[in-house]
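Trainee: Input: one structure, supplied below.
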Amino acid sequence: MAGRIKDEDIQLVRERTRIDEVVEQYVTLKNAGGGSRKGLCPFHDEKSPSFNVRPSVGSYHCFGCGAGGDVFKFVMEIEGLSFVETVERLAAKGGITLRYEEGGTPGPRRDPHQRPRLLAAHREAAEFYAAALRSSPDGQTGRQFVKDRGFDQAAAERFGMGFAPRGGEALVSHLRGKGFTEEELVVGGLASRGSRGLYDRFRGRLLWPIREMTGEVIGFGARRMFDDDRVEAKYLNTSETPIYKKSQVLYGLDLARRSISSSGQAVIVEGYTDVMACHEAGVTTAVATCGTAFGEDHARVMRRLMLDDQAFHGEVIFTFDGDEAGQRAALKTFNGDQQFVAQTYVAVEPRGMDPCDLRLADGDAAVRELVASRIPLYRFVLDNMLSKYDLDRGDQRVDAVREAVSLASAIRDKSKVDALLREIAGRVGADIEQVRSEHRRRAASAPKAGARPAPVAEGTPAAIPSPAVNFGLPQFADEREALKAIVQHPHLAAKLAEDLDDNDFTHPISRLLWQHIEKMPWPTGPDTNWLPQLADSVADEDAKRILSIAAVEPMRAREGNTPAVVSSVVIRLQLLTLGRSIADVKSKLQRTNPIEQAEVYNRMFGELIALEQQFRQLRDRSLGGDVPS
């Protein structure tokens, strides 16, 4: 066992290692003046950079969490290495040969489960797999796949692609020959134990090495190649190991990190070949998750690289398939959008192609164009929200506005909220003041921070309100008045009621009652039997209760003769219906291109003119001498 590293060699490693160059493998640093550099702390989550590095003295300090020290302390903390392992790693990178004191305090005994041994085993495995892809007969299937996906040998080598022989023990035998133990291979996820002993974790699959930012191989992603593969999963990834945490790893980050840092842009794709296609097409900021959804830990890594703070506005662009699963992924991403201060975008190919398929079909330029055609993530979510509603219906537009304004609370830059509200109004075909009002109402009713909902006992059924409960709301006041006028004075409402239909009643209770009323014979004078007969025809209990209230509750208009009041109430109901129809047509016009859809636009414009004329005539009638206002 070698003794401790000589002090002068430790000092030499410290002198020859620039702390800012080491830190920049994990954190993007910007000049902060006075010889200091600043970035987001890798040891705690923060939105404003408080992590300072001073290369001239070889130290770092975070004013947020208090972490600090020299280059050795930094690597030990961020990689989980011992002091000796840290010095050895930095010495190897700097080409420094270390000397050990004989007879001194012995150095730490190497644990076979420790990081350096696992990393060394993965380096050997990556080289073994790459050689198998290049030249082995077994790897021909993999080579053909690479070619079919539009990549040449240079691309395969750039990304370190490999092939796992089908036999099942080739890698185990190779690594044993290199001095690695069975325990190291199993703990590192390179091999598994079966009834007949150790066997290769990946067999007969095309492989991509997964590297951390420093370039060290820490795992593999493996694609199924053969129908007789006993593992049916299309992709098989390294399981969690002491050196591989999938929630913190992004494929391609070792190649993309400098471009991400310098450009302030990151493109998140869904697969290994998509990363390759983007990089080959010139989009060198592309990375992908490894068999898991993009999560908080991934976001922290990206934010540190992009220096994503309140004073810096980069771009995070997600690409999703255009299918339903891709839309769900986008919505889930939107819910986590607060992880970024950078502007978040989405790029979806209209035909549903991923970047690799797009490059095959249309070439490199199409991939670059896909990324360039990005749209804000909130707009993509808005499109999906509005697609659920029939915007030709007034009630559906109201519901669409109510759901869409919820997006405003997710916009980080509050100065842009009104622009979003205007966009919602234009897309829905609603009045901007209506949208603003709904946004204010929603904001006022939002639960206060820290508020908790009242606990509900397990198994307690949710209360389902009666349809009659909300009939007392202000928006149904005119329908209530019309019902009272009709059931209290049916002989006076008879002639006016000829022009009414189901569309004049928007609440389900009033509409149901009207459907029963119009089946009744209209009396020519006061008739005490008319109302009881109407009540007998109504089976719904809520409707019966509303009918009994309408029959006795005084009308709001107390002055003026009764025929004039009845006429005014019924005409008011008709005016509201015409108003809704006019709003519907205006909404359609607002969403119709007058140049590209000239015929449709002109037809609707004519319809609008006719409706407005009818509205004016009916309004004039209500204001005439024979009908009081």
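Letters A, B, ... mark the chains of the structure tokens in the order given; residue numbers begin at 1 per chain; ligand numbers begin at 1, in order shown.
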Quick check for you: according to DSSP on this backbone, which residues of region 45-284 of chain A are classed as strand (DSSP E)? Reply as a PyMOL selection string.
Mentor: chain A and resi 51-54+59-62+68-70+162-163+191-194+197-200+205-211+217-224+235-237+250-251+265-269
Trainee: Hey, what's within 9 Å of Gly142 (chain A) if we count only C-alpha atoms and toss same-chain stuff fewer than 2 positions away? As an mmCIF file with N, CA and C atoms, in the first residue's frame, please?
Mentor:
data_model
loop_
_atom_site.group_PDB
_atom_site.id
_atom_site.type_symbol
_atom_site.label_atom_id
_atom_site.label_comp_id
_atom_site.auth_asym_id
_atom_site.auth_seq_id
_atom_site.Cartn_x
_atom_site.Cartn_y
_atom_site.Cartn_z
ATOM 1 N N LEU A 133 -18.898 -2.366 -32.229
ATOM 2 C CA LEU A 133 -19.720 -1.732 -33.261
ATOM 3 C C LEU A 133 -18.905 -1.480 -34.528
ATOM 4 N N ASP A 138 -20.954 -9.396 -35.246
ATOM 5 C CA ASP A 138 -22.176 -9.240 -34.450
ATOM 6 C C ASP A 138 -22.733 -7.820 -34.536
ATOM 7 N N GLY A 139 -21.833 -6.857 -34.753
ATOM 8 C CA GLY A 139 -22.243 -5.463 -34.749
ATOM 9 C C GLY A 139 -22.790 -4.952 -36.064
ATOM 10 N N GLN A 140 -22.886 -5.830 -37.088
ATOM 11 C CA GLN A 140 -23.355 -5.396 -38.395
ATOM 12 C C GLN A 140 -24.775 -4.824 -38.327
ATOM 13 N N GLN A 144 -25.790 -1.060 -39.463
ATOM 14 C CA GLN A 144 -26.836 -0.790 -40.437
ATOM 15 C C GLN A 144 -27.867 0.182 -39.872
ATOM 16 N N PHE A 145 -28.194 0.033 -38.587
ATOM 17 C CA PHE A 145 -29.150 0.940 -37.938
ATOM 18 C C PHE A 145 -28.611 2.362 -37.952
ATOM 19 N N VAL A 146 -27.333 2.507 -37.601
ATOM 20 C CA VAL A 146 -26.714 3.834 -37.591
ATOM 21 C C VAL A 146 -26.809 4.468 -38.975
ATOM 22 N N LYS A 147 -26.523 3.684 -39.998
ATOM 23 C CA LYS A 147 -26.585 4.192 -41.375
ATOM 24 C C LYS A 147 -28.011 4.552 -41.750
ATOM 25 N N GLY A 162 -21.753 2.220 -29.365
ATOM 26 C CA GLY A 162 -21.178 0.884 -29.296
ATOM 27 C C GLY A 162 -22.222 -0.184 -29.517
ATOM 28 N N PHE A 163 -21.779 -1.424 -29.460
ATOM 29 C CA PHE A 163 -22.685 -2.560 -29.627
ATOM 30 C C PHE A 163 -22.324 -3.632 -28.610
ATOM 31 N N GLY A 204 -26.754 -7.804 -27.214
ATOM 32 C CA GLY A 204 -27.371 -7.662 -28.525
ATOM 33 C C GLY A 204 -28.082 -6.340 -28.725
ATOM 34 N N ARG A 205 -27.576 -5.301 -28.099
ATOM 35 C CA ARG A 205 -28.223 -3.985 -28.201
ATOM 36 C C ARG A 205 -27.220 -2.926 -28.671
ATOM 37 N N LEU A 206 -27.758 -1.911 -29.358
ATOM 38 C CA LEU A 206 -26.980 -0.751 -29.754
ATOM 39 C C LEU A 206 -26.877 0.179 -28.548
ATOM 40 N N LEU A 207 -25.683 0.712 -28.301
ATOM 41 C CA LEU A 207 -25.435 1.433 -27.061
ATOM 42 C C LEU A 207 -24.989 2.876 -27.286
ATOM 43 N N MET A 225 -32.486 -4.505 -30.669
ATOM 44 C CA MET A 225 -32.159 -4.709 -32.078
ATOM 45 C C MET A 225 -32.773 -5.981 -32.660
#
Trainee: Please identify all polymer residues within 6 Å of Lys6 (chain A), counting only C-alpha atoms, omitting same-chain residues fewer than 6 positions from it, and present them as a ChimeraX atom specification.
Mentor: /A:99-101
Trainee: How about saving the chosen residues, N, CA and C atoms kept, as a PDB file, in the first residue's frame?
Mentor:
ATOM      1  N   ARG A  99       4.067  11.470  -6.276  1.00  0.00           N
ATOM      2  CA  ARG A  99       4.978  10.618  -5.512  1.00  0.00           C
ATOM      3  C   ARG A  99       4.383  10.381  -4.127  1.00  0.00           C
ATOM      4  N   TYR A 100       4.628   9.197  -3.631  1.00  0.00           N
ATOM      5  CA  TYR A 100       4.070   8.819  -2.337  1.00  0.00           C
ATOM      6  C   TYR A 100       5.202   8.569  -1.345  1.00  0.00           C
ATOM      7  N   GLU A 101       4.998   9.001  -0.128  1.00  0.00           N
ATOM      8  CA  GLU A 101       6.005   8.812   0.911  1.00  0.00           C
ATOM      9  C   GLU A 101       6.014   7.369   1.381  1.00  0.00           C
TER      10      GLU A 101
END
Trainee: Would you kindly return, as a list in words, each protein, DNA or RNA residue with an atom no farther than 9 Å from any atom of region 79-96 of chain A, considering only C-alpha atoms and excluding same-chain residues fewer than 4 positions away?
Mentor: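 Counting only the stated atoms, we get Arg4, Ile5, Asp9, Ile10, Leu12, Val13, Arg14, Arg16, Thr17, Phe72, Lys73, Phe74, Val75, Gly107, Pro108, Gln114, Arg115 and Pro116 of chain A.
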Trainee: Atoms to include: N, CA and C atoms. Write the selected residues as a PDB file, in the first residue's frame.
Mentor:
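To be explicit, this is the file written out as result.pdb:
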ATOM      1  N   ARG A   4       1.204   8.242   1.953  1.00  0.00           N
ATOM      2  CA  ARG A   4       0.493   9.469   1.638  1.00  0.00           C
ATOM      3  C   ARG A   4       1.208  10.228   0.522  1.00  0.00           C
ATOM      4  N   ILE A   5       0.437  11.038  -0.203  1.00  0.00           N
ATOM      5  CA  ILE A   5       1.003  11.843  -1.292  1.00  0.00           C
ATOM      6  C   ILE A   5       1.924  12.901  -0.677  1.00  0.00           C
ATOM      7  N   ASP A   9       3.967  17.668  -3.880  1.00  0.00           N
ATOM      8  CA  ASP A   9       3.175  17.300  -5.044  1.00  0.00           C
ATOM      9  C   ASP A   9       1.737  17.804  -4.922  1.00  0.00           C
ATOM     10  N   ILE A  10       1.210  17.772  -3.704  1.00  0.00           N
ATOM     11  CA  ILE A  10      -0.130  18.331  -3.477  1.00  0.00           C
ATOM     12  C   ILE A  10      -0.122  19.817  -3.793  1.00  0.00           C
ATOM     13  N   LEU A  12       1.930  21.316  -5.819  1.00  0.00           N
ATOM     14  CA  LEU A  12       2.114  21.488  -7.261  1.00  0.00           C
ATOM     15  C   LEU A  12       0.783  21.352  -7.997  1.00  0.00           C
ATOM     16  N   VAL A  13      -0.041  20.377  -7.587  1.00  0.00           N
ATOM     17  CA  VAL A  13      -1.356  20.194  -8.217  1.00  0.00           C
ATOM     18  C   VAL A  13      -2.216  21.425  -7.978  1.00  0.00           C
ATOM     19  N   ARG A  14      -2.158  21.961  -6.745  1.00  0.00           N
ATOM     20  CA  ARG A  14      -2.961  23.147  -6.430  1.00  0.00           C
ATOM     21  C   ARG A  14      -2.517  24.342  -7.270  1.00  0.00           C
ATOM     22  N   ARG A  16      -1.005  24.376 -10.218  1.00  0.00           N
ATOM     23  CA  ARG A  16      -1.195  24.214 -11.657  1.00  0.00           C
ATOM     24  C   ARG A  16      -2.657  24.040 -12.074  1.00  0.00           C
ATOM     25  N   THR A  17      -3.546  23.995 -11.102  1.00  0.00           N
ATOM     26  CA  THR A  17      -4.971  23.804 -11.406  1.00  0.00           C
ATOM     27  C   THR A  17      -5.713  25.115 -11.190  1.00  0.00           C
ATOM     28  N   PHE A  72      -9.560  21.719  -4.215  1.00  0.00           N
ATOM     29  CA  PHE A  72      -9.724  20.356  -3.709  1.00  0.00           C
ATOM     30  C   PHE A  72     -11.068  20.207  -2.995  1.00  0.00           C
ATOM     31  N   LYS A  73     -11.405  21.198  -2.176  1.00  0.00           N
ATOM     32  CA  LYS A  73     -12.671  21.139  -1.437  1.00  0.00           C
ATOM     33  C   LYS A  73     -13.850  21.133  -2.417  1.00  0.00           C
ATOM     34  N   PHE A  74     -13.752  21.931  -3.479  1.00  0.00           N
ATOM     35  CA  PHE A  74     -14.847  21.999  -4.451  1.00  0.00           C
ATOM     36  C   PHE A  74     -15.098  20.641  -5.092  1.00  0.00           C
ATOM     37  N   VAL A  75     -14.042  19.999  -5.589  1.00  0.00           N
ATOM     38  CA  VAL A  75     -14.210  18.712  -6.263  1.00  0.00           C
ATOM     39  C   VAL A  75     -14.687  17.649  -5.272  1.00  0.00           C
ATOM     40  N   GLY A 107      -2.083   5.562   2.798  1.00  0.00           N
ATOM     41  CA  GLY A 107      -3.237   6.198   2.164  1.00  0.00           C
ATOM     42  C   GLY A 107      -4.479   5.360   2.375  1.00  0.00           C
ATOM     43  N   PRO A 108      -5.625   5.878   2.038  1.00  0.00           N
ATOM     44  CA  PRO A 108      -6.880   5.155   2.249  1.00  0.00           C
ATOM     45  C   PRO A 108      -6.949   3.897   1.385  1.00  0.00           C
ATOM     46  N   GLN A 114     -16.042   2.148  -4.795  1.00  0.00           N
ATOM     47  CA  GLN A 114     -15.870   3.588  -4.901  1.00  0.00           C
ATOM     48  C   GLN A 114     -15.841   4.053  -6.344  1.00  0.00           C
ATOM     49  N   ARG A 115     -16.057   5.334  -6.465  1.00  0.00           N
ATOM     50  CA  ARG A 115     -16.227   5.980  -7.755  1.00  0.00           C
ATOM     51  C   ARG A 115     -15.090   5.756  -8.754  1.00  0.00           C
ATOM     52  N   PRO A 116     -13.824   5.913  -8.386  1.00  0.00           N
ATOM     53  CA  PRO A 116     -12.770   5.764  -9.405  1.00  0.00           C
ATOM     54  C   PRO A 116     -12.782   4.407 -10.094  1.00  0.00           C
TER      55      PRO A 116
END
Trainee: Extract, using only C-alpha atoms, all DNA, RNA and protein residues at most 10 Å from Arg123 (chain A), discarding same-chain residues fewer than 5 positions from it, and format them as a ChimeraX atom specification.
Mentor: /A:117-118,128,209,216-219
Trainee: From the set A:Asp228, A:Ala125, A:Gly282, A:Gly150, which residue has the shortest atom-to-atom contact distance to Asp362 (chain A), counting only C-alpha atoms?
Mentor: A:Gly150
Trainee: Go through A:His491, A:Arg379, A:Lys388, A:Arg591 and flag the residue nearest Val428 (chain A), using only C-alpha atoms for the distances.
Mentor: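 Selected residue with least distance to Val428 (chain A): A:Arg591.
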Trainee: State, in Å with one decimal place, the distance from CA of Lys484 (chain A) to CA of Val570 (chain A).
Mentor: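 CA of Val570 (chain A) lies 10.3 Å from CA of Lys484 (chain A).
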Trainee: Which residues are close to Glu612 (chain A), i.e. within 12 Å by only C-alpha atoms, leaving aside same-chain residues fewer than 5 positions away? Reply as a PyMOL selection string.
Mentor: chain A and resi 575+577-583+585-586+605-607+617-619
Trainee: State, in Å with one decimal place, the distance from CA of Gly197 (chain A) to CA of Ala233 (chain A).
Mentor: 23.4 Å
